[in-house]
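Quick look at structure11.txt (compact mmCIF, C-alpha atoms):
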# COMPACT_ATOMS: atom_id res chain seq x y z
CA MET A 1 23.29 72.51 143.95
CA THR A 2 23.12 71.68 140.34
CA LYS A 3 21.48 75.06 139.63
CA LYS A 4 24.27 76.96 141.42
CA LEU A 5 26.93 75.00 139.52
CA ALA A 6 25.29 75.92 136.23
CA LEU A 7 25.27 79.58 137.21
CA VAL A 8 28.98 79.46 138.08
CA VAL A 9 29.83 77.77 134.77
CA ALA A 10 27.80 80.39 132.88
CA ALA A 11 29.56 83.22 134.69
CA ILE A 12 32.98 81.75 133.95
CA THR A 13 32.07 81.28 130.28
CA LEU A 14 30.84 84.87 130.00
CA ALA A 15 34.06 86.14 131.57
CA VAL A 16 36.19 84.12 129.14
CA LEU A 17 34.21 85.39 126.16
CA THR A 18 34.54 88.98 127.36
CA VAL A 19 38.33 88.70 127.76
CA THR A 20 38.65 87.02 124.38
CA ALA A 21 36.65 89.75 122.69
CA GLN A 22 38.77 92.43 124.34
CA LEU A 23 41.98 90.70 123.30
CA PHE A 24 40.73 90.33 119.71
CA SER A 25 39.71 93.96 119.60
CA ALA A 26 43.09 95.05 120.93
CA ALA A 27 44.88 92.89 118.42
CA ARG A 28 42.73 94.24 115.61
CA HIS A 29 43.34 97.82 116.71
CA THR A 30 47.08 97.17 116.85
CA ALA A 31 47.07 95.63 113.37
CA GLY A 32 45.15 98.63 112.04
CA ASN A 33 47.67 100.99 113.54
CA ILE A 34 50.52 99.04 112.01
CA HIS A 35 48.82 99.11 108.59
CA ARG A 36 48.15 102.84 108.81
CA ALA A 37 51.69 103.45 109.95
CA ALA A 38 52.98 101.47 106.99
CA GLN A 39 50.76 103.47 104.69
CA ASN A 40 51.95 106.73 106.20
CA SER A 41 55.56 105.59 105.91
CA SER A 42 55.02 104.76 102.23
CA LEU A 43 53.36 108.09 101.49
CA ALA A 44 56.20 109.91 103.19
CA ASN A 45 58.50 108.63 100.42
CA TRP A 46 56.56 110.40 97.67
CA ILE A 47 56.11 113.94 96.42
CA ALA A 48 53.08 114.63 94.28
CA GLY A 49 52.37 117.53 91.97
CA PRO A 50 50.41 118.46 88.85
CA GLY A 51 52.21 118.34 85.55
CA ARG A 52 51.79 118.71 81.82
CA ILE A 53 53.13 116.51 79.00
CA GLU A 54 55.53 118.23 76.60
CA PRO A 55 58.02 117.10 73.93
CA ILE A 56 61.69 116.90 74.87
CA SER A 57 62.35 119.96 72.70
CA GLU A 58 59.48 121.85 74.37
CA ASP A 59 56.86 123.49 72.16
CA ILE A 60 58.53 125.51 69.39
CA GLN A 61 56.32 128.18 67.86
CA LEU A 62 57.44 129.10 64.36
CA GLY A 63 56.53 132.52 63.05
CA SER A 64 57.56 134.78 60.21
CA GLN A 65 60.13 137.57 60.39
CA LEU A 66 58.15 139.41 57.73
CA SER A 67 54.52 140.43 57.51
CA GLY A 68 52.60 139.12 54.53
CA ARG A 69 50.14 136.60 53.13
CA LEU A 70 50.72 132.86 53.27
CA ASN A 71 51.20 131.45 49.80
CA ALA A 72 51.67 127.84 50.95
CA VAL A 73 51.47 125.67 54.06
CA ASN A 74 53.18 122.40 53.22
CA VAL A 75 52.39 120.35 56.36
CA SER A 76 49.45 119.34 58.52
CA GLU A 77 49.12 118.56 62.20
CA GLY A 78 50.75 115.25 63.05
CA ASP A 79 53.16 115.31 60.10
CA SER A 80 56.81 114.45 60.72
CA VAL A 81 59.29 117.13 59.71
CA HIS A 82 63.06 117.27 59.42
CA LYS A 83 65.54 120.04 60.11
CA GLY A 84 65.69 122.60 57.30
CA GLN A 85 62.41 121.50 55.70
CA VAL A 86 60.29 124.33 54.24
CA LEU A 87 57.00 124.23 56.15
CA ALA A 88 55.31 127.39 54.86
CA VAL A 89 55.96 130.15 52.30
CA LEU A 90 54.89 133.79 52.15
CA ASP A 91 54.08 135.63 48.92
CA ASN A 92 57.55 136.62 47.72
CA ASP A 93 57.39 137.78 44.07
CA ASP A 94 58.63 141.26 45.00
CA TYR A 95 61.47 139.90 47.12
CA ARG A 96 62.50 137.52 44.32
CA ALA A 97 62.58 140.42 41.83
CA GLU A 98 64.74 142.49 44.18
CA LEU A 99 67.14 139.58 44.52
CA ALA A 100 67.38 139.12 40.73
CA SER A 101 68.12 142.84 40.29
CA ALA A 102 70.81 142.72 42.99
CA GLU A 103 72.42 139.66 41.39
CA ALA A 104 72.55 141.44 38.03
CA GLN A 105 74.21 144.45 39.65
CA VAL A 106 76.89 142.21 41.12
CA GLU A 107 77.59 140.67 37.72
CA ALA A 108 77.94 144.15 36.17
CA LYS A 109 80.32 145.36 38.89
CA GLU A 110 82.42 142.21 38.58
CA ALA A 111 82.79 142.86 34.85
CA THR A 112 83.83 146.46 35.53
CA LEU A 113 86.47 145.33 38.00
CA ARG A 114 87.86 142.80 35.52
CA LYS A 115 88.01 145.49 32.87
CA VAL A 116 89.90 147.86 35.16
CA THR A 117 92.26 145.14 36.36
CA ASN A 118 92.97 143.50 33.01
CA GLY A 119 93.19 146.67 30.95
CA ALA A 120 92.57 146.80 27.19
CA ARG A 121 91.86 143.73 25.13
CA PRO A 122 94.58 142.37 22.81
CA GLN A 123 92.59 143.55 19.79
CA GLU A 124 92.54 147.10 21.16
CA ARG A 125 96.29 147.03 21.73
CA GLN A 126 96.93 145.76 18.22
CA GLU A 127 94.72 148.47 16.75
CA ALA A 128 96.54 151.16 18.76
CA LEU A 129 99.92 149.82 17.68
CA ALA A 130 98.85 149.90 14.03
CA GLY A 131 97.79 153.52 14.51
CA VAL A 132 101.22 154.36 15.95
CA ARG A 133 103.02 152.79 13.01
CA GLU A 134 100.76 154.51 10.51
CA SER A 135 101.28 157.92 12.12
CA GLN A 136 105.01 157.27 12.26
CA VAL A 137 105.12 156.67 8.50
CA VAL A 138 103.05 159.80 7.88
CA MET A 139 105.40 161.81 10.09
CA ALA A 140 108.49 160.45 8.33
CA ASN A 141 107.06 161.34 4.94
CA ALA A 142 106.15 164.83 6.16
CA GLU A 143 109.66 165.39 7.49
CA ALA A 144 111.23 164.20 4.26
CA GLU A 145 108.94 166.41 2.19
CA LEU A 146 109.70 169.41 4.42
CA THR A 147 113.43 168.84 4.00
CA ARG A 148 113.05 168.75 0.20
CA ARG A 149 110.87 171.84 0.20
CA ARG A 150 113.31 173.73 2.37
CA GLY A 151 116.07 173.05 -0.17
CA LEU A 152 113.84 174.30 -2.97
CA TYR A 153 113.05 177.43 -0.97
CA GLU A 154 116.75 178.10 -0.43
CA SER A 155 117.26 177.73 -4.20
CA GLY A 156 114.48 180.22 -4.79
CA VAL A 157 112.24 177.69 -6.57
CA ILE A 158 109.29 177.94 -4.17
CA SER A 159 107.87 180.72 -2.11
CA ARG A 160 108.02 181.18 1.62
CA GLU A 161 104.28 180.54 1.95
CA GLU A 162 104.66 177.09 0.38
CA LEU A 163 107.51 176.26 2.77
CA GLU A 164 105.41 177.29 5.76
CA HIS A 165 102.52 175.08 4.52
CA TYR A 166 104.73 171.98 4.49
CA THR A 167 106.17 172.98 7.86
CA ARG A 168 102.66 172.98 9.37
CA GLU A 169 101.86 169.62 7.79
CA CYS A 170 104.99 168.17 9.36
CA ASP A 171 104.07 169.54 12.77
CA VAL A 172 100.56 168.03 12.53
CA ALA A 173 102.04 164.65 11.60
CA LYS A 174 104.35 164.80 14.64
CA GLN A 175 101.40 165.63 16.97
CA GLN A 176 99.32 162.76 15.61
CA TYR A 177 102.25 160.43 16.13
CA GLU A 178 102.62 161.57 19.77
CA GLU A 179 98.88 161.11 20.39
CA LYS A 180 98.89 157.61 18.93
CA SER A 181 101.98 156.72 20.94
CA ASN A 182 100.48 158.02 24.18
CA HIS A 183 97.24 156.11 23.59
CA TYR A 184 99.14 152.91 22.94
CA SER A 185 101.21 153.43 26.12
CA LEU A 186 98.03 154.00 28.13
CA LEU A 187 96.52 150.74 26.91
CA ASN A 188 99.68 148.86 27.83
CA ALA A 189 100.15 150.50 31.21
CA ALA A 190 99.06 148.77 34.46
CA SER A 191 95.76 149.85 36.05
CA ARG A 192 95.94 152.70 38.50
CA GLU A 193 95.57 151.75 42.15
CA GLU A 194 92.75 154.24 42.74
CA ASP A 195 90.77 152.91 39.75
CA VAL A 196 91.07 149.36 41.04
CA ALA A 197 90.14 150.42 44.59
CA PHE A 198 87.04 152.27 43.36
CA ALA A 199 85.90 149.30 41.28
CA GLU A 200 86.43 146.92 44.21
CA ALA A 201 84.46 149.16 46.57
CA ASP A 202 81.66 149.43 44.03
CA LEU A 203 81.55 145.62 43.78
CA ARG A 204 81.42 145.21 47.57
CA LEU A 205 78.46 147.59 47.75
CA ALA A 206 76.62 145.57 45.11
CA GLN A 207 77.40 142.34 46.96
CA ALA A 208 76.04 143.81 50.22
CA ASN A 209 72.83 144.79 48.46
CA GLU A 210 72.60 141.27 47.06
CA ALA A 211 73.09 139.72 50.52
CA ASP A 212 70.38 141.98 51.95
CA ALA A 213 67.95 141.05 49.17
CA LYS A 214 68.73 137.34 49.61
CA ALA A 215 68.21 137.53 53.37
CA LYS A 216 64.78 139.12 52.89
CA TYR A 217 63.85 136.53 50.27
CA ASP A 218 64.96 133.66 52.53
CA LYS A 219 62.79 135.00 55.35
CA THR A 220 59.71 134.29 53.25
CA PHE A 221 60.40 130.57 53.76
CA ILE A 222 59.47 129.22 57.21
CA LYS A 223 61.76 126.26 57.91
CA SER A 224 61.91 123.66 60.67
CA PRO A 225 64.85 124.11 63.08
CA ILE A 226 64.65 120.49 64.31
CA ASP A 227 63.56 116.98 63.44
CA GLY A 228 60.14 116.57 64.99
CA MET A 229 56.40 116.69 64.43
CA VAL A 230 53.79 119.36 63.71
CA LEU A 231 51.76 119.80 66.89
CA ARG A 232 49.46 122.54 65.67
CA ALA A 233 48.82 124.66 62.59
CA HIS A 234 47.69 128.18 63.51
CA HIS A 235 47.19 129.61 59.98
CA ARG A 236 45.96 128.43 56.59
CA ILE A 237 46.86 129.37 53.01
CA GLY A 238 45.75 132.89 52.14
CA GLU A 239 45.75 134.20 55.71
CA SER A 240 47.89 137.17 56.65
CA VAL A 241 50.62 136.89 59.28
CA THR A 242 52.52 139.59 61.11
CA ASN A 243 56.16 139.95 61.99
CA SER A 244 56.65 137.62 64.96
CA ALA A 245 59.56 139.71 66.19
CA THR A 246 57.13 142.43 67.24
CA THR A 247 53.83 140.54 67.68
CA ALA A 248 53.34 136.93 68.73
CA ASP A 249 51.69 135.36 65.69
CA PRO A 250 52.86 131.75 65.27
CA VAL A 251 52.20 129.95 62.00
CA LEU A 252 53.03 126.45 63.29
CA THR A 253 53.93 124.78 66.57
CA ILE A 254 56.34 121.85 66.33
CA GLY A 255 58.23 119.66 68.78
CA ASP A 256 60.48 116.64 69.06
CA ALA A 257 58.08 114.15 70.65
CA HIS A 258 60.15 110.96 70.26
CA VAL A 259 60.81 111.38 74.00
CA LEU A 260 58.23 112.96 76.30
CA ARG A 261 58.78 115.02 79.42
CA VAL A 262 56.53 116.24 82.20
CA ARG A 263 56.87 119.73 83.63
CA VAL A 264 55.86 119.29 87.28
CA ASP A 265 55.02 121.99 89.84
CA ILE A 266 56.61 121.06 93.18
CA ASP A 267 55.26 122.83 96.27
CA GLU A 268 57.79 125.04 98.04
CA THR A 269 57.52 122.87 101.16
CA ASP A 270 58.93 119.86 99.24
CA VAL A 271 61.69 121.43 97.15
CA ASN A 272 64.44 120.15 99.45
CA LYS A 273 63.43 116.54 98.73
CA VAL A 274 63.73 116.57 94.93
CA ARG A 275 66.93 115.38 93.24
CA VAL A 276 67.98 114.62 89.67
CA GLY A 277 67.79 110.90 88.97
CA GLN A 278 64.86 110.09 91.29
CA ARG A 279 62.28 107.72 89.87
CA ALA A 280 58.80 109.00 89.15
CA TYR A 281 55.57 108.09 87.44
CA VAL A 282 52.56 109.95 86.13
CA THR A 283 48.87 109.16 85.90
CA ALA A 284 46.01 110.79 84.05
CA ASP A 285 42.25 110.56 84.45
CA ALA A 286 41.88 109.53 80.82
CA TYR A 287 44.15 106.47 81.35
CA GLY A 288 42.70 105.23 84.64
CA LYS A 289 45.23 103.54 86.93
CA GLN A 290 47.91 103.21 84.24
CA LYS A 291 51.32 104.46 85.43
CA VAL A 292 53.91 105.80 83.04
CA TRP A 293 57.38 105.73 84.55
CA GLY A 294 60.32 108.03 84.18
CA HIS A 295 62.96 109.89 86.19
CA VAL A 296 63.81 113.43 87.21
CA VAL A 297 66.21 115.06 84.72
CA GLN A 298 66.14 118.69 85.87
CA VAL A 299 65.26 120.60 89.01
CA GLY A 300 64.55 124.31 88.68
CA GLU A 301 66.51 127.03 90.44
CA LEU A 302 63.81 129.70 90.78
CA LEU A 303 60.51 129.45 92.63
CA GLY A 304 57.54 131.01 90.95
CA PRO A 305 53.77 130.92 90.55
CA LYS A 306 51.90 127.78 89.60
CA THR A 307 52.16 126.98 85.90
CA VAL A 308 49.86 123.94 85.72
CA ARG A 309 46.29 124.55 86.90
CA THR A 310 44.12 121.61 87.96
CA ASP A 311 40.87 123.61 88.19
CA GLU A 312 40.16 122.00 91.56
CA PRO A 313 38.23 124.22 94.01
CA THR A 314 40.79 123.51 96.74
CA GLU A 315 43.79 124.25 94.53
CA ARG A 316 46.37 126.49 96.21
CA VAL A 317 47.63 129.30 94.02
CA ASP A 318 49.02 131.55 96.74
CA ARG A 319 52.15 129.41 97.24
CA LYS A 320 55.41 129.30 95.35
CA PHE A 321 56.32 126.31 93.21
CA LEU A 322 59.49 124.90 91.64
CA GLU A 323 59.39 123.55 88.09
CA THR A 324 60.86 120.05 87.82
CA LEU A 325 61.28 118.05 84.63
CA VAL A 326 60.56 114.33 84.55
CA GLU A 327 61.63 112.46 81.42
CA LEU A 328 59.37 109.52 80.62
CA GLU A 329 60.75 106.17 79.53
CA PRO A 330 61.01 105.49 75.77
CA GLY A 331 57.81 104.20 74.26
CA ALA A 332 55.50 106.38 76.31
CA HIS A 333 52.54 107.52 74.22
CA LEU A 334 50.64 110.41 75.76
CA PRO A 335 49.18 113.48 74.02
CA VAL A 336 51.33 116.60 74.25
CA GLY A 337 49.67 119.10 76.57
CA LEU A 338 47.86 116.45 78.63
CA ARG A 339 47.53 117.37 82.33
CA VAL A 340 48.78 114.60 84.61
CA ASP A 341 49.50 113.90 88.25
CA ALA A 342 53.18 113.25 88.89
CA PHE A 343 54.63 111.27 91.80
CA ILE A 344 58.34 111.43 92.62
CA LEU A 345 60.01 108.84 94.84
CA THR A 346 62.33 110.59 97.27
CA ASP A 347 64.06 107.60 98.94
CA GLY A 348 66.63 107.05 96.21
CA GLU A 349 67.59 103.91 94.34
CA GLU A 350 67.09 101.45 97.21
CA ALA A 351 63.43 102.38 97.67
CA ALA A 352 62.92 102.39 93.93
CA MET A 353 64.20 98.83 93.69
CA VAL A 354 61.77 97.44 96.27
CA LEU A 355 58.82 99.32 94.79
CA PRO A 356 56.85 97.10 92.37
CA ARG A 357 56.53 98.63 88.94
CA MET A 358 53.00 98.61 87.58

Kindly present the structure from the file in structure tokens form.
Amino acid sequence: MTKKLALVVAAITLAVLTVTAQLFSAARHTAGNIHRAAQNSSLANWIAGPGRIEPISEDIQLGSQLSGRLNAVNVSEGDSVHKGQVLAVLDNDDYRAELASAEAQVEAKEATLRKVTNGARPQERQEALAGVRESQVVMANAEAELTRRRGLYESGVISREELEHYTRECDVAKQQYEEKSNHYSLLNAASREEDVAFAEADLRLAQANEADAKAKYDKTFIKSPIDGMVLRAHHRIGESVTNSATTADPVLTIGDAHVLRVRVDIDETDVNKVRVGQRAYVTADAYGKQKVWGHVVQVGELLGPKTVRTDEPTERVDRKFLETLVELEPGAHLPVGLRVDAFILTDGEEAAMVLPRM
């Protein structure tokens, strides 16, 4: 009897343990499902994509508009620069000589125009007036002498030849007086319109040549268009550079890196979820689990090929991607050009507020 009772108790105990184990397993399975569901729900709020760090100004490659040899490179990588600063200079002795010649031509044409406009100098007018008065006296004396000689001829005192001699002298005196008078009138007269117009046109031509020479000379100075930092120096002093308008040959690369941005490739299947203002963060292998936060400032309008390659064997390059810009918060210090992984929160401000920032 006692043996049977022990067997019954053992059977009941085994049954209870079996049920308990099943209940615990079911509860554990349910908890696991809930946890995985929560994880899946959290991941559904994020869009991930590869990105690359760039300055807010983007990379600006500065080249030369002229071909030549570098005479000076005034900055090094990492140097701060300001707008208008001369960063590099080409050999420009020939351009400087052309400019000096053009400036001299302008000065000469300006003097010619002033001369045409102002007319004769006061000293020249005074000299011409003195010549008029002198010739007038000579003419008066010649006329008086001719009158006296004519009377003597009529009285038979002198010959006809002598009278004709004094007549010619009087005529010469009158002609000299007219010439002196005309010269004095010309000096006093206003400048002719055509003379002034010709001198003005000649001056404008010289000024155009000067502007052309100055423009060429100025192009030998490579200046910074922004306040920023030198990211890379591509050439050194003494090296030759080519005209960047025809061949890509940058001398320096600069950028405004006081604020950093990330250019992110968003897969075409997720483009409908990205909005300006969404919070985001980036990570990089070199910085471990560190997250650098920011927000979306621009969403592209045109899908295109992948611009940031991860070099992963499973990377998809046959899909279209949309470039999205994420501006990082002030104080972020990451190397320009660093490849990062970007994560964009798609649930808006409410989800961003409940997400712990790390």

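Put simply, atom CA of Leu152 of chain A is 27.3 Å away from atom CA of Glu134 of chain A.
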
Rounded to one decimal in Å, what is the spacing between atom CA of Thr242 of chain A and atom CA of Gln65 of chain A?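 Calculated distance between atom CA of Thr242 of chain A and atom CA of Gln65 of chain A is 7.9 Å.
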
So the first atom is atom CA of Glu169 of chain A and the second is atom CA of Leu146 of chain A; what is the distance between them in Å, to one decimal place?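 Computed distance, atom CA of Glu169 of chain A to atom CA of Leu146 of chain A, equals 8.5 Å.
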
Sorted by chain and rising residue number, which residues of segment 131-242 of chain A lie within 12 Å of segment 258-265 of chain A, and what are their closest atom pairs and distances in Å to one decimal, counting all atoms listed in the file, as a Markdown table?
| residue | atom | partner | partner_atom | distance |
| --- | --- | --- | --- | --- |
| A:Asp227 | CA | A:His258 | CA | 9.7 |
| A:Gly228 | CA | A:His258 | CA | 7.7 |
| A:Met229 | CA | A:His258 | CA | 9.0 |

Shell around segment 46-59 of chain A at 7 Å using all atoms listed in the file, local window under 3 positions removed, as a PyMOL selection string: chain A and resi 43+253-257+259-266+308+336-346

Minimum-distance residue to Tyr217 of chain A, chosen among A:Leu90, A:Val271, A:Ala332, A:Leu322 (using all atoms listed in the file):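 Using all atoms listed in the file, Tyr217 of chain A sits closest to A:Leu90.
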
Can you patch up segment 147-168 of chain A, filling it in to N, CA and C atoms, and show the result as an mmCIF file, in the frame of the given file?
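Contents of the output file selection.cif:
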data_model
loop_
_atom_site.group_PDB
_atom_site.id
_atom_site.type_symbol
_atom_site.label_atom_id
_atom_site.label_comp_id
_atom_site.auth_asym_id
_atom_site.auth_seq_id
_atom_site.Cartn_x
_atom_site.Cartn_y
_atom_site.Cartn_z
ATOM 1 N N THR A 147 111.999 168.666 4.282
ATOM 2 C CA THR A 147 113.430 168.840 4.000
ATOM 3 C C THR A 147 113.637 169.177 2.525
ATOM 4 N N ARG A 148 112.907 168.485 1.631
ATOM 5 C CA ARG A 148 113.050 168.750 0.200
ATOM 6 C C ARG A 148 112.544 170.142 -0.127
ATOM 7 N N ARG A 149 111.425 170.518 0.479
ATOM 8 C CA ARG A 149 110.870 171.840 0.200
ATOM 9 C C ARG A 149 111.763 172.953 0.746
ATOM 10 N N ARG A 150 112.410 172.718 1.831
ATOM 11 C CA ARG A 150 113.310 173.730 2.370
ATOM 12 C C ARG A 150 114.481 173.979 1.398
ATOM 13 N N GLY A 151 114.988 172.894 0.812
ATOM 14 C CA GLY A 151 116.070 173.050 -0.170
ATOM 15 C C GLY A 151 115.618 173.839 -1.382
ATOM 16 N N LEU A 152 114.366 173.557 -1.838
ATOM 17 C CA LEU A 152 113.840 174.300 -2.970
ATOM 18 C C LEU A 152 113.645 175.764 -2.624
ATOM 19 N N TYR A 153 113.226 176.037 -1.389
ATOM 20 C CA TYR A 153 113.050 177.430 -0.970
ATOM 21 C C TYR A 153 114.389 178.166 -0.957
ATOM 22 N N GLU A 154 115.440 177.474 -0.476
ATOM 23 C CA GLU A 154 116.750 178.100 -0.430
ATOM 24 C C GLU A 154 117.279 178.360 -1.834
ATOM 25 N N SER A 155 116.823 177.545 -2.806
ATOM 26 C CA SER A 155 117.260 177.730 -4.200
ATOM 27 C C SER A 155 116.384 178.748 -4.908
ATOM 28 N N GLY A 156 115.362 179.217 -4.235
ATOM 29 C CA GLY A 156 114.480 180.220 -4.790
ATOM 30 C C GLY A 156 113.440 179.646 -5.716
ATOM 31 N N VAL A 157 113.199 178.337 -5.669
ATOM 32 C CA VAL A 157 112.240 177.690 -6.570
ATOM 33 C C VAL A 157 110.816 177.880 -6.051
ATOM 34 N N ILE A 158 110.615 177.796 -4.744
ATOM 35 C CA ILE A 158 109.290 177.940 -4.170
ATOM 36 C C ILE A 158 109.258 179.159 -3.265
ATOM 37 N N SER A 159 108.028 179.533 -2.940
ATOM 38 C CA SER A 159 107.870 180.720 -2.110
ATOM 39 C C SER A 159 107.951 180.352 -0.623
ATOM 40 N N ARG A 160 107.967 181.384 0.166
ATOM 41 C CA ARG A 160 108.020 181.180 1.620
ATOM 42 C C ARG A 160 106.698 180.599 2.123
ATOM 43 N N GLU A 161 105.576 181.056 1.537
ATOM 44 C CA GLU A 161 104.280 180.540 1.950
ATOM 45 C C GLU A 161 104.170 179.027 1.757
ATOM 46 N N GLU A 162 104.696 178.540 0.647
ATOM 47 C CA GLU A 162 104.660 177.090 0.380
ATOM 48 C C GLU A 162 105.522 176.348 1.391
ATOM 49 N N LEU A 163 106.657 176.891 1.760
ATOM 50 C CA LEU A 163 107.510 176.260 2.770
ATOM 51 C C LEU A 163 106.793 176.197 4.115
ATOM 52 N N GLU A 164 106.137 177.280 4.481
ATOM 53 C CA GLU A 164 105.410 177.290 5.760
ATOM 54 C C GLU A 164 104.262 176.279 5.756
ATOM 55 N N HIS A 165 103.606 176.072 4.616
ATOM 56 C CA HIS A 165 102.520 175.080 4.520
ATOM 57 C C HIS A 165 103.038 173.682 4.834
ATOM 58 N N TYR A 166 104.170 173.315 4.229
ATOM 59 C CA TYR A 166 104.730 171.980 4.490
ATOM 60 C C TYR A 166 105.302 171.866 5.919
ATOM 61 N N THR A 167 105.708 172.993 6.464
ATOM 62 C CA THR A 167 106.170 172.980 7.860
ATOM 63 C C THR A 167 105.012 172.644 8.795
ATOM 64 N N ARG A 168 103.820 173.264 8.536
ATOM 65 C CA ARG A 168 102.660 172.980 9.370
ATOM 66 C C ARG A 168 102.195 171.530 9.219
#
